[in-house]
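Shown next, in structure tokens, is the structure this report addresses.
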Amino acid sequence: IAAGCARKLVFSWAGNPGVGSLHAFRRAVEGTGPPLELEEYSHFGMVARFQAGAARLPFWTLRDYAGTDLPTANPLIRTVTCPYTAEQLATVPALNPDVTIVHAQRADRDGNTQIWGLLGVQKEAAFASARVIVVVEELVDTAVIRADPNRTLIPGLVVSAVVVEPWGAHPSYAHGYYDRDNAFYVAWEAISRDEKKLAAWLEQYVYDVPDRAGYLALLAGLTDRLKARTQVSAGVNYGF
Amino acid sequence: IAAGCARKLVFSWAGNPGVGSLHAFRRAVEGTGPPLELEEYSHFGMVARFQAGAARLPFWTLRDYAGTDLPTANPLIRTVTCPYTAEQLATVPALNPDVTIVHAQRADRDGNTQIWGLLGVQKEAAFASARVIVVVEELVDTAVIRADPNRTLIPGLVVSAVVVEPWGAHPSYAHGYYDRDNAFYVAWEAISRDEKKLAAWLEQYVYDVPDRAGYLALLAGLTDRLKARTQVSAGVNYGF
Amino acid sequence: MVAVAARELHDGEVVFVGIGLPNLACNLARATHAPGLVLIYESGAVGAVPERLPVSIGDPALVTGSLMVCGMADVFQCFLQNGRIEVGFLGGAQVDRWGNINTTVIGDYAHPKVRLPGSGGASEIAAHAHRTLVMAKLDRRAFPEQVDFLTSPGHRCRGIPRRELGLPGAGPVKVITDKAVLEADGTGELVLMAVYPGVRLDDVRAGVGWPLRVRTTLLEVAPPGARELQLLREVLDPQRLYLKG
Amino acid sequence: MVAVAARELHDGEVVFVGIGLPNLACNLARATHAPGLVLIYESGAVGAVPERLPVSIGDPALVTGSLMVCGMADVFQCFLQNGRIEVGFLGGAQVDRWGNINTTVIGDYAHPKVRLPGSGGASEIAAHAHRTLVMAKLDRRAFPEQVDFLTSPGHRCRGIPRRELGLPGAGPVKVITDKAVLEADGTGELVLMAVYPGVRLDDVRAGVGWPLRVRTTLLEVAPPGARELQLLREVLDPQRLYLKG
């Protein structure tokens with residue numbers, strides 16, 4: 001938004017998690033920054049849109065929005081009548097992104113991707129998308145995937161590209177690899193509140209770095225500070 | 001069906017997997033056995049019914065049945081019009097069973113249930129059901145569940161009872177514990193084809209055994225013949 | 001405020017938890033009278049036992065040691081819409097006379113004075129949780145007669161009673177503020193139920209944008225005990241991320 | 001028949017596999033010209049590499065060593081309905097002139113002469129797979145002009161062309177029998193494309209319940225090679241569960 005790349009935001013929540021406001025977003029919407037078109041749902045609505053997209057259905061049905069102003073703010077929130085009970089239920093339209101980028105712990109070179117910890121809507125977004133790029137902490141042999149197929153969330157047959165980029169989720173975390181850089185989120189409050197600071201940050205950490213390694217090189221001590229401790233689960237028996 | 005317990009069958013496929021016909025079912029429907037009411041879907045239709053039930057929606061939408069005779073055979077297969085594209089899509093009504101019985105590898109005493117290998121529609125059926133009974137190979141400490149929460153398929157908060165019954169899936173299998181008793185399925189062809197043999201089998205293996213242990217005692221050598229070999233997966237790191 | 005909210009939770013209940021004060025309240029309840037609370041976070045952690053104060057709804061501490069992790073589609077469809085959530089926590093920039101909540105915009109939607117983050121999962125929590133608890137600081141601007149934007153439904157939405165809207169849950173049964181506790185009366189209107197020690201009725205009335213009615217027997221909120229304060233200050237939020245005092 | 005079906009599969013394709021002969025065909029193709037086939041079973045195993053001949057669609061050998069296991073909801077919604085399945089296999093008690101298949105009843109639905117198992121996943125495979133391959137023994141009763149019950153849609157259903165029904169996949173492009181291979185012509189009618197060595201045209205016509213048309217250039221099916229036979233008999237089905245010869 002601040003870099004002027006975004007024309008429209010389709011969203012259900014726009015804040016800095018656990019910290020506060022997203023100031024560039026607020027400036028745009030409150031009329032003091034570059035204009036930004038909005039298409040707004042709730043979390044369930046956005047999840048439902050990805051589900052419809054993943055199932056290649058044109059819409060998804062949910063019990064939601066009765067009594068709220070959200071359908072007025074967004075005319076794409078509509079209703080359907082149940083063919084059995086005749087009751088009215090809310091609908092949202094399918095979302096089929098051009099590209100979905102997923103961060104995962106590991107994948108093989110064919111894109112078979114394993115994720116543990118929180119799963120979000122990554123499976124649904126991947127199946128809904130025309131192309132999928134998976135960014136992984138580790139590229140593993142297919143034998144690692146095949147040794148525990150219940151951990152696979154996204155099959156290679158929907159993946160277009162695998163990018164191997166350790167620490168690629170920073171400032172967020174990768175469960176089992178490194179923790180969230182909370183100091184960064186807290187610092188972002190002051191950076192994003194001030195348009196000049198934000199421009200300087202973009203210059204230093206985005207425009208002026210040649211690649212991800214260059215970005216990480218600017219963050220001294222990161223790996224020592226955030227590396228995950230070891231707490232490995234037991235395996236299960238796939239023999240028969 | 002043969003024992004006269006079933007009045008109506010709601011189904012999508014009725015065969016002896018990999019072997020052939022279910023003869024008691026055929027006798028009933030072909031008019032030479034006790035009468036049986038049918039409500040017939042396809043697999044996808046039945047899966048969709050459980051999904052609707054699990055989501056507490058009255059129906060589920062799917063692209064299916066166009067051109068087939070299934071909606072004629074079953075008037076509960078209907079259509080809905082998409083509020084965005086105006087296209088007609090098939091619907092099936094929600095299925096909310098009174099009781100769902102799930103077989104699983106392990107659960108804790110609160111019913112938090114972990115399953116690996118094939119998952120079927122067990123999660124959806126459990127969430128759709130008024131009551132859930134979980135039959136497990138092993139009762140484990142909650143710490144075992146909490147050590148690998150991504151393996152939990154059914155949360156204890158939807159489970160009414162846990163039954164600890166090793167070899168409880170026989171003649172089917174429990175992945176990682178024992179294999180399918182294929183000889184049983186093959187033998188079933190001859191037993192079920194002949195009403196007298198079937199009655200004798202019910203007498204010996206169902207009516208005359210006091211409990212599951214009694215049933216297993218009749219099947220000498222079972223555990224040696226079918227016990228799973230060991231092929232344990234590696235764990236993953238839950239540290240952060 | 002956190003201690004007061006914690007007391008509203010019964011042992012064994014299934015609670016949909018947000019970050020911040022609700023998370024503190026739930027973990028305080030778990031550490032005191034309700035060890036069997038099942039905490040569910042919208043990010044997909046079920047039966048979470050966070051060993052540190054989660055800094056976001058997606059904190060890895062919510063996963064490690066939890067009973068189950070599921071996708072967000074399951075959280076909203078199989079837990080919330082399915083009716084498995086007994087208590088939901090809500091907060092917001094505006095709470096009105098009927099318990100409606102606004103987390104979307106102050107002013108007009110198209111040209112807002114203040115743009116807020118939006119619904120997140122609040123709209124559906126307000127619809128489906130068996131009951132909701134609202135936590136908000138008492139302030140006249142935060143408690144208007146009617147919300148500028150109705151994000152999460154209360155007991156009467158733009159004149160229509162909750163029941164007629166087909167909303168499954170009972171709605172916001174209590175609003176816990178830093179000065180008083182409001183509760184919904186039989187008509188769904190928020191009325192004053194209890195005040196904190198030392199708070200005068202006029203202070204509360206000054207913080208509310210409608211003629212606030214008072215329950216026949218006004219109660220006084222019991223202050224947090226030593227054990228509650230010690231847990232909050234030394235164990236649950238030692239860095240004072242969310243606590244002020 | 002199995003070897004002929006195997007040749008229809010291209011390396012790297014995503015195939016929805018049933019038990020029995022289709023499973024043999026897929027695993028023969030995987031062992032010969034198409035090692036990169038991705039086999040998906042309706043039970044939820046993706047990229048299966050069964051080390052033994054699966055005795056049921058839920059065989060644990062389909063899981064161990066596979067690329068992914070998912071629930072059946074994902075199989076049908078995210079793979080099949082999503083359009084990710086390139087080839088589907090179908091079989092049935094009746095296959096008609098337009099490639100419609102019956103696996104439900106012989107005779108009237110309410111009072112059938114023979115009750116068959118039903119659709120299983122066949123109806124939706126017929127609708128959604130990019131193309132389907134049908135395997136059935138040639139027999140006049142099995143190849144009627146019109147199926148008694150239309151379980152799985154072919155190219156023309158009760159007079160309505162497939163395209164008008166909005167079915168996403170191309171339908172049954174080939175029907176592989178034990179005597180001949182039929183293919184759908186431009187109108188969707190099954191016509192004779194190739195015969196097995198030594199099979200006479202009259203034998204094929206006698207096994208079909210409609211005036212069977214023949215493609216301009218009738219082909220002869222190449223018999224299975226030594227390697228194919230050896231794999232089938234010694235590796236894939238040594239116990240002759242599905243193979244006769």
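Residue numbering restarts at 1 in every chain; chains get A, B, ... in the order shown in the structure tokens, and ligands count up from 1 in that same order.
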Kindly provide the residues of chain D that approach chain A to within 8 Å, each paired with its closest atom pair and their distance in Å to one decimal, based on only C-alpha atoms, listed by chain and increasing number, as a Markdown table.
| residue | atom | partner | partner_atom | distance |
| --- | --- | --- | --- | --- |
| D:Pro60 | CA | A:Phe240 | CA | 6.6 |
| D:Ala61 | CA | A:Phe240 | CA | 7.4 |
| D:Val63 | CA | A:Pro149 | CA | 7.3 |
| D:Thr64 | CA | A:Tyr238 | CA | 5.8 |
| D:Gly65 | CA | A:Arg146 | CA | 4.5 |
| D:Ser66 | CA | A:Arg146 | CA | 5.2 |
| D:Leu67 | CA | A:Arg146 | CA | 5.0 |
| D:Met68 | CA | A:Pro149 | CA | 4.3 |
| D:Val69 | CA | A:Asn150 | CA | 5.0 |
| D:Cys70 | CA | A:Asn150 | CA | 7.2 |
| D:Gln77 | CA | A:Ala55 | CA | 4.7 |
| D:Cys78 | CA | A:Ala55 | CA | 5.0 |
| D:Gln81 | CA | A:Ala55 | CA | 6.1 |
| D:Asn82 | CA | A:Arg56 | CA | 5.0 |
| D:Gly83 | CA | A:Arg56 | CA | 8.0 |
Mind listing as JSON, numbers by chain which residues of chain A are within 9 Å of chain B, counting only C-alpha atoms? {"A": [55, 56, 57, 58, 59, 60, 61, 62, 63, 76, 78, 79, 80, 81, 82, 83, 84, 85, 87, 89, 91, 92, 93, 116, 117, 118, 144, 147, 148, 149, 150, 151, 173, 174, 175, 176, 177, 178, 179, 180, 226, 227, 228, 229, 230, 231, 232, 233, 234, 235, 236, 237, 238, 239, 240]}
Nearest residue to Gly67 of chain B out of D:Gly20, D:Gly159, D:Gly198, D:Gly169, using only C-alpha atoms? D:Gly159
Taking the DSSP assignment computed from this structure's backbone, write out as JSON, numbers by chain all residues of segment 10-194 of chain A that belong to strand (DSSP E). {"A": [10, 11, 37, 38, 39, 40, 59, 60, 61, 62, 78, 79, 80, 81, 88, 89, 90, 91, 92, 93, 99, 100, 101, 102, 103, 104, 105, 106, 107, 113, 114, 131, 132, 133, 134, 135, 136, 137, 138, 139, 152, 153, 154, 161, 162, 163, 164]}
Deliver the residues from the most recent selection as a file, using C-alpha atoms, as a tab-separated table (two decimals), in the first residue's frame.
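Below you can see part30.tsv, which holds the result:
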chain	number	residue	atom	x	y	z
A	10	VAL	CA	-9.98	-7.74	-0.49
A	11	PHE	CA	-9.87	-8.50	3.22
A	37	GLU	CA	-10.59	0.27	-3.18
A	38	LEU	CA	-12.06	-2.09	-0.57
A	39	GLU	CA	-13.98	-5.38	-0.77
A	40	GLU	CA	-14.65	-6.39	2.80
A	59	PHE	CA	-20.29	-19.64	-4.28
A	60	TRP	CA	-20.27	-20.92	-0.71
A	61	THR	CA	-23.10	-20.98	1.80
A	62	LEU	CA	-22.78	-19.89	5.42
A	78	ARG	CA	-25.84	-12.26	-0.96
A	79	THR	CA	-28.34	-14.94	0.06
A	80	VAL	CA	-29.61	-18.28	-1.21
A	81	THR	CA	-32.78	-20.17	-0.28
A	88	GLN	CA	-32.37	-17.95	3.73
A	89	LEU	CA	-28.62	-18.37	4.15
A	90	ALA	CA	-25.75	-16.03	3.35
A	91	THR	CA	-23.46	-16.62	0.36
A	92	VAL	CA	-20.08	-15.31	-0.69
A	93	PRO	CA	-18.59	-15.63	-4.18
A	99	VAL	CA	-1.18	-16.87	-7.71
A	100	THR	CA	-1.01	-18.15	-4.14
A	101	ILE	CA	2.25	-18.03	-2.22
A	102	VAL	CA	2.48	-20.50	0.66
A	103	HIS	CA	5.23	-20.66	3.26
A	104	ALA	CA	5.91	-24.20	4.46
A	105	GLN	CA	8.41	-26.15	6.49
A	106	ARG	CA	9.36	-28.57	3.72
A	107	ALA	CA	8.60	-29.79	0.23
A	113	THR	CA	4.42	-29.82	0.67
A	114	GLN	CA	4.27	-30.71	4.36
A	131	ARG	CA	-0.68	-21.05	-9.83
A	132	VAL	CA	0.95	-21.92	-6.52
A	133	ILE	CA	4.40	-20.94	-5.33
A	134	VAL	CA	5.65	-22.74	-2.25
A	135	VAL	CA	8.43	-21.14	-0.21
A	136	VAL	CA	10.10	-23.68	2.07
A	137	GLU	CA	12.58	-23.77	4.88
A	138	GLU	CA	13.94	-27.09	3.60
A	139	LEU	CA	13.94	-28.94	0.31
A	152	THR	CA	1.21	-33.48	3.27
A	153	LEU	CA	-1.13	-30.49	2.97
A	154	ILE	CA	-0.55	-29.46	-0.64
A	161	ALA	CA	7.29	-23.58	-8.27
A	162	VAL	CA	9.22	-24.33	-5.10
A	163	VAL	CA	11.48	-21.63	-3.65
A	164	VAL	CA	14.01	-22.75	-1.06
Do you know which residues are at most 10 Å from His33 of chain C counting only C-alpha atoms, after dropping those on the same chain fewer than 5 positions away, and could you put them as a ChimeraX atom specification? /C:6-7,9-11,28
Can those selected residues be exported to a file as a short mmCIF file (atom, residue, chain, number, x, y, z; two decimals), in the first residue's frame so that it contains all heavy atoms?
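Written out: result24.cif:
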data_model
loop_
_atom_site.label_atom_id
_atom_site.label_comp_id
_atom_site.auth_asym_id
_atom_site.auth_seq_id
_atom_site.Cartn_x
_atom_site.Cartn_y
_atom_site.Cartn_z
N ALA C 6 -12.66 -13.27 33.84
CA ALA C 6 -12.27 -14.66 34.12
C ALA C 6 -13.35 -15.36 34.94
O ALA C 6 -13.66 -16.54 34.73
CB ALA C 6 -10.93 -14.69 34.85
N ARG C 7 -13.95 -14.61 35.87
CA ARG C 7 -14.96 -15.22 36.75
C ARG C 7 -16.22 -15.64 35.99
O ARG C 7 -17.03 -16.41 36.49
CB ARG C 7 -15.36 -14.23 37.84
CG ARG C 7 -14.26 -14.02 38.86
CD ARG C 7 -14.69 -12.98 39.89
NE ARG C 7 -13.53 -12.29 40.41
CZ ARG C 7 -13.52 -11.03 40.80
NH1 ARG C 7 -14.61 -10.30 40.72
NH2 ARG C 7 -12.41 -10.48 41.26
N LEU C 9 -16.28 -17.37 33.39
CA LEU C 9 -16.05 -18.64 32.69
C LEU C 9 -16.19 -19.81 33.65
O LEU C 9 -15.68 -19.77 34.76
CB LEU C 9 -14.65 -18.65 32.07
CG LEU C 9 -14.40 -17.51 31.06
CD1 LEU C 9 -12.93 -17.43 30.70
CD2 LEU C 9 -15.26 -17.72 29.82
N HIS C 10 -16.92 -20.84 33.22
CA HIS C 10 -17.11 -22.02 34.05
C HIS C 10 -16.17 -23.13 33.60
O HIS C 10 -15.86 -23.25 32.40
CB HIS C 10 -18.56 -22.49 33.94
CG HIS C 10 -19.54 -21.39 34.15
ND1 HIS C 10 -19.52 -20.59 35.28
CD2 HIS C 10 -20.55 -20.93 33.38
CE1 HIS C 10 -20.49 -19.70 35.20
NE2 HIS C 10 -21.13 -19.87 34.05
N ASP C 11 -15.74 -23.94 34.56
CA ASP C 11 -14.80 -25.02 34.25
C ASP C 11 -15.38 -25.94 33.19
O ASP C 11 -16.56 -26.30 33.24
CB ASP C 11 -14.47 -25.80 35.52
CG ASP C 11 -13.22 -26.65 35.34
OD1 ASP C 11 -12.44 -26.37 34.40
OD2 ASP C 11 -13.01 -27.57 36.14
N LEU C 28 -6.15 -16.80 32.98
CA LEU C 28 -6.31 -16.62 34.42
C LEU C 28 -7.34 -17.62 34.95
O LEU C 28 -7.12 -18.27 35.97
CB LEU C 28 -6.74 -15.18 34.72
CG LEU C 28 -7.00 -14.87 36.21
CD1 LEU C 28 -5.72 -15.07 37.03
CD2 LEU C 28 -7.52 -13.45 36.40
#
Write out as number ranges by chain which residues come within 7 Å of segment 26-32 of chain A when counting only C-alpha atoms, dropping same-chain ones fewer than 4 positions away. A: 22, 36; C: 111-115
Residues of the last selection are to be written out with N, CA and C atoms, as a CSV table (one decimal), in the first residue's frame.
chain,number,residue,atom,x,y,z
A,22,LEU,N,-2.7,-0.6,11.1
A,22,LEU,CA,-1.8,-0.6,9.9
A,22,LEU,C,-2.0,0.8,9.4
A,36,LEU,N,-7.5,3.6,-2.2
A,36,LEU,CA,-7.5,2.2,-2.1
A,36,LEU,C,-9.0,1.7,-2.1
C,111,HIS,N,-16.4,7.1,3.6
C,111,HIS,CA,-15.5,8.2,3.9
C,111,HIS,C,-15.3,8.3,5.4
C,112,PRO,N,-14.6,7.3,6.0
C,112,PRO,CA,-14.6,7.2,7.4
C,112,PRO,C,-13.7,8.3,8.1
C,113,LYS,N,-14.1,8.6,9.3
C,113,LYS,CA,-13.2,9.4,10.1
C,113,LYS,C,-12.0,8.6,10.6
C,114,VAL,N,-12.4,7.4,11.1
C,114,VAL,CA,-11.3,6.5,11.5
C,114,VAL,C,-11.6,5.1,10.9
C,115,ARG,N,-10.7,4.6,10.3
C,115,ARG,CA,-10.8,3.2,9.7
C,115,ARG,C,-10.3,2.2,10.7
All helix (DSSP H, G or I) residues (DSSP, backbone) inside segment 47-105 of chain D, as a list in words: Pro60, Ala61, Leu62, Met72, Ala73, Asp74, Val75, Phe76, Gln77, Cys78, Phe79, Leu80 and Gln81 of chain D
Excluding Val15 of chain C and any residue of its chain fewer than 6 positions from it, enumerate the residues within 7 Å of it, using only C-alpha atoms, and give them as a ChimeraX atom specification. /C:38-40,85-88
Extract, using only C-alpha atoms, all DNA, RNA and protein residues at most 9 Å from segment 171-184 of chain D, discarding same-chain residues fewer than 2 positions from it, and format them as a PyMOL selection string. chain D and resi 1-2+4-5+88-90+95+98-100+126-138+153-155+162+167-169+186-197+199+203-204+214-215+220-221
Neighbouring residues of Arg205 of chain C were defined as those with any atom within 10 Å, considering only C-alpha atoms; residues of the same chain fewer than 3 positions away were excluded. Please report them as an mmCIF file with all heavy atoms, in the first residue's frame.
data_model
loop_
_atom_site.group_PDB
_atom_site.id
_atom_site.type_symbol
_atom_site.label_atom_id
_atom_site.label_comp_id
_atom_site.auth_asym_id
_atom_site.auth_seq_id
_atom_site.Cartn_x
_atom_site.Cartn_y
_atom_site.Cartn_z
ATOM 1 N N LEU C 138 -14.861 1.880 29.367
ATOM 2 C CA LEU C 138 -16.051 2.734 29.399
ATOM 3 C C LEU C 138 -15.677 4.154 28.972
ATOM 4 O O LEU C 138 -14.758 4.765 29.532
ATOM 5 C CB LEU C 138 -16.653 2.751 30.811
ATOM 6 C CG LEU C 138 -18.117 3.189 30.867
ATOM 7 C CD1 LEU C 138 -19.018 2.130 30.255
ATOM 8 C CD2 LEU C 138 -18.524 3.469 32.303
ATOM 9 N N ASP C 139 -16.395 4.653 27.976
ATOM 10 C CA ASP C 139 -16.094 5.963 27.395
ATOM 11 C C ASP C 139 -17.296 6.346 26.545
ATOM 12 O O ASP C 139 -17.846 5.515 25.822
ATOM 13 C CB ASP C 139 -14.838 5.811 26.525
ATOM 14 C CG ASP C 139 -14.448 7.092 25.828
ATOM 15 O OD1 ASP C 139 -15.243 7.579 24.981
ATOM 16 O OD2 ASP C 139 -13.340 7.594 26.099
ATOM 17 N N ARG C 140 -17.730 7.609 26.645
ATOM 18 C CA ARG C 140 -18.950 8.038 25.968
ATOM 19 C C ARG C 140 -18.881 7.808 24.455
ATOM 20 O O ARG C 140 -19.869 7.424 23.834
ATOM 21 C CB ARG C 140 -19.216 9.517 26.263
ATOM 22 C CG ARG C 140 -20.662 9.882 26.044
ATOM 23 C CD ARG C 140 -20.976 11.298 26.492
ATOM 24 N NE ARG C 140 -22.397 11.530 26.407
ATOM 25 C CZ ARG C 140 -23.273 11.209 27.347
ATOM 26 N NH1 ARG C 140 -22.866 10.664 28.480
ATOM 27 N NH2 ARG C 140 -24.559 11.435 27.177
ATOM 28 N N LEU C 192 -27.107 -1.422 33.721
ATOM 29 C CA LEU C 192 -26.007 -1.500 34.686
ATOM 30 C C LEU C 192 -26.300 -2.582 35.719
ATOM 31 O O LEU C 192 -27.352 -2.591 36.358
ATOM 32 C CB LEU C 192 -25.825 -0.137 35.379
ATOM 33 C CG LEU C 192 -24.668 -0.052 36.367
ATOM 34 C CD1 LEU C 192 -23.336 -0.331 35.690
ATOM 35 C CD2 LEU C 192 -24.648 1.329 37.036
ATOM 36 N N ARG C 200 -18.622 5.762 41.071
ATOM 37 C CA ARG C 200 -19.944 6.310 41.325
ATOM 38 C C ARG C 200 -20.856 6.093 40.119
ATOM 39 O O ARG C 200 -20.387 6.035 38.978
ATOM 40 C CB ARG C 200 -19.853 7.803 41.640
ATOM 41 C CG ARG C 200 -19.220 8.087 43.029
ATOM 42 C CD ARG C 200 -19.011 9.584 43.203
ATOM 43 N NE ARG C 200 -18.436 10.143 41.980
ATOM 44 C CZ ARG C 200 -18.751 11.343 41.499
ATOM 45 N NH1 ARG C 200 -19.618 12.104 42.126
ATOM 46 N NH2 ARG C 200 -18.177 11.791 40.386
ATOM 47 N N LEU C 201 -22.123 5.997 40.380
ATOM 48 C CA LEU C 201 -23.109 5.781 39.328
ATOM 49 C C LEU C 201 -23.000 6.845 38.242
ATOM 50 O O LEU C 201 -23.082 6.539 37.037
ATOM 51 C CB LEU C 201 -24.506 5.796 39.966
ATOM 52 C CG LEU C 201 -25.684 5.305 39.115
ATOM 53 C CD1 LEU C 201 -25.405 3.926 38.553
ATOM 54 C CD2 LEU C 201 -26.958 5.290 39.950
ATOM 55 N N ASP C 202 -22.761 8.086 38.626
ATOM 56 C CA ASP C 202 -22.644 9.176 37.650
ATOM 57 C C ASP C 202 -21.455 8.975 36.711
ATOM 58 O O ASP C 202 -21.521 9.322 35.527
ATOM 59 C CB ASP C 202 -22.497 10.521 38.367
ATOM 60 C CG ASP C 202 -23.841 11.024 38.885
ATOM 61 O OD1 ASP C 202 -24.869 10.361 38.571
ATOM 62 O OD2 ASP C 202 -23.856 12.045 39.583
ATOM 63 N N VAL C 208 -21.646 6.525 29.014
ATOM 64 C CA VAL C 208 -22.591 5.803 28.169
ATOM 65 C C VAL C 208 -23.480 6.809 27.443
ATOM 66 O O VAL C 208 -23.964 7.759 28.051
ATOM 67 C CB VAL C 208 -23.439 4.843 29.044
ATOM 68 C CG1 VAL C 208 -24.599 4.257 28.256
ATOM 69 C CG2 VAL C 208 -22.565 3.727 29.604
ATOM 70 N N GLY C 209 -23.695 6.601 26.171
ATOM 71 C CA GLY C 209 -24.405 7.558 25.332
ATOM 72 C C GLY C 209 -25.914 7.402 25.280
ATOM 73 O O GLY C 209 -26.548 7.904 24.366
ATOM 74 N N TRP C 210 -26.482 6.642 26.181
ATOM 75 C CA TRP C 210 -27.940 6.536 26.234
ATOM 76 C C TRP C 210 -28.360 6.575 27.703
ATOM 77 O O TRP C 210 -27.510 6.386 28.596
ATOM 78 C CB TRP C 210 -28.430 5.251 25.554
ATOM 79 C CG TRP C 210 -28.034 3.976 26.251
ATOM 80 C CD1 TRP C 210 -28.741 3.333 27.226
ATOM 81 C CD2 TRP C 210 -26.860 3.190 26.036
ATOM 82 N NE1 TRP C 210 -28.078 2.196 27.636
ATOM 83 C CE2 TRP C 210 -26.923 2.080 26.904
ATOM 84 C CE3 TRP C 210 -25.749 3.315 25.194
ATOM 85 C CZ2 TRP C 210 -25.911 1.103 26.948
ATOM 86 C CZ3 TRP C 210 -24.754 2.337 25.230
ATOM 87 C CH2 TRP C 210 -24.850 1.248 26.101
ATOM 88 N N PRO C 211 -29.638 6.858 27.983
ATOM 89 C CA PRO C 211 -30.089 6.888 29.392
ATOM 90 C C PRO C 211 -29.986 5.496 30.001
ATOM 91 O O PRO C 211 -30.850 4.654 29.775
ATOM 92 C CB PRO C 211 -31.550 7.373 29.296
ATOM 93 C CG PRO C 211 -31.941 7.244 27.865
ATOM 94 C CD PRO C 211 -30.712 7.191 27.030
ATOM 95 N N LEU C 212 -28.925 5.274 30.742
ATOM 96 C CA LEU C 212 -28.601 3.930 31.242
ATOM 97 C C LEU C 212 -29.521 3.543 32.393
ATOM 98 O O LEU C 212 -29.612 4.261 33.394
ATOM 99 C CB LEU C 212 -27.141 3.890 31.707
ATOM 100 C CG LEU C 212 -26.622 2.557 32.220
ATOM 101 C CD1 LEU C 212 -26.534 1.534 31.078
ATOM 102 C CD2 LEU C 212 -25.251 2.727 32.871
ATOM 103 N N ARG C 213 -30.192 2.439 32.254
ATOM 104 C CA ARG C 213 -31.012 1.942 33.338
ATOM 105 C C ARG C 213 -30.166 1.080 34.269
ATOM 106 O O ARG C 213 -29.148 0.519 33.854
ATOM 107 C CB ARG C 213 -32.200 1.152 32.779
ATOM 108 C CG ARG C 213 -33.160 2.069 31.987
ATOM 109 C CD ARG C 213 -34.514 1.444 31.716
ATOM 110 N NE ARG C 213 -34.408 0.315 30.816
ATOM 111 C CZ ARG C 213 -34.691 -0.940 31.151
ATOM 112 N NH1 ARG C 213 -35.094 -1.229 32.377
ATOM 113 N NH2 ARG C 213 -34.584 -1.897 30.264
ATOM 114 N N VAL C 214 -30.635 0.981 35.510
ATOM 115 C CA VAL C 214 -29.880 0.240 36.524
ATOM 116 C C VAL C 214 -30.722 -0.927 37.011
ATOM 117 O O VAL C 214 -31.930 -0.786 37.221
ATOM 118 C CB VAL C 214 -29.528 1.163 37.722
ATOM 119 C CG1 VAL C 214 -28.752 0.392 38.785
ATOM 120 C CG2 VAL C 214 -28.733 2.373 37.237
#
State, in Å with one decimal place, the distance from atom CA of Gln94 of chain C to atom CA of Gly120 of chain C. 15.4 Å
Give me, please, the distance in Å between atom CA of Asn96 of chain B and atom CA of Gly47 of chain C, quoted to one decimal.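 Atom-to-atom, atom CA of Asn96 of chain B to atom CA of Gly47 of chain C, that is 24.9 Å.
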Which is closer to Met46 of chain B than all the others in B:Ser12, B:Ser160, B:Gln122, B:Gln204, using only C-alpha atoms? B:Ser12
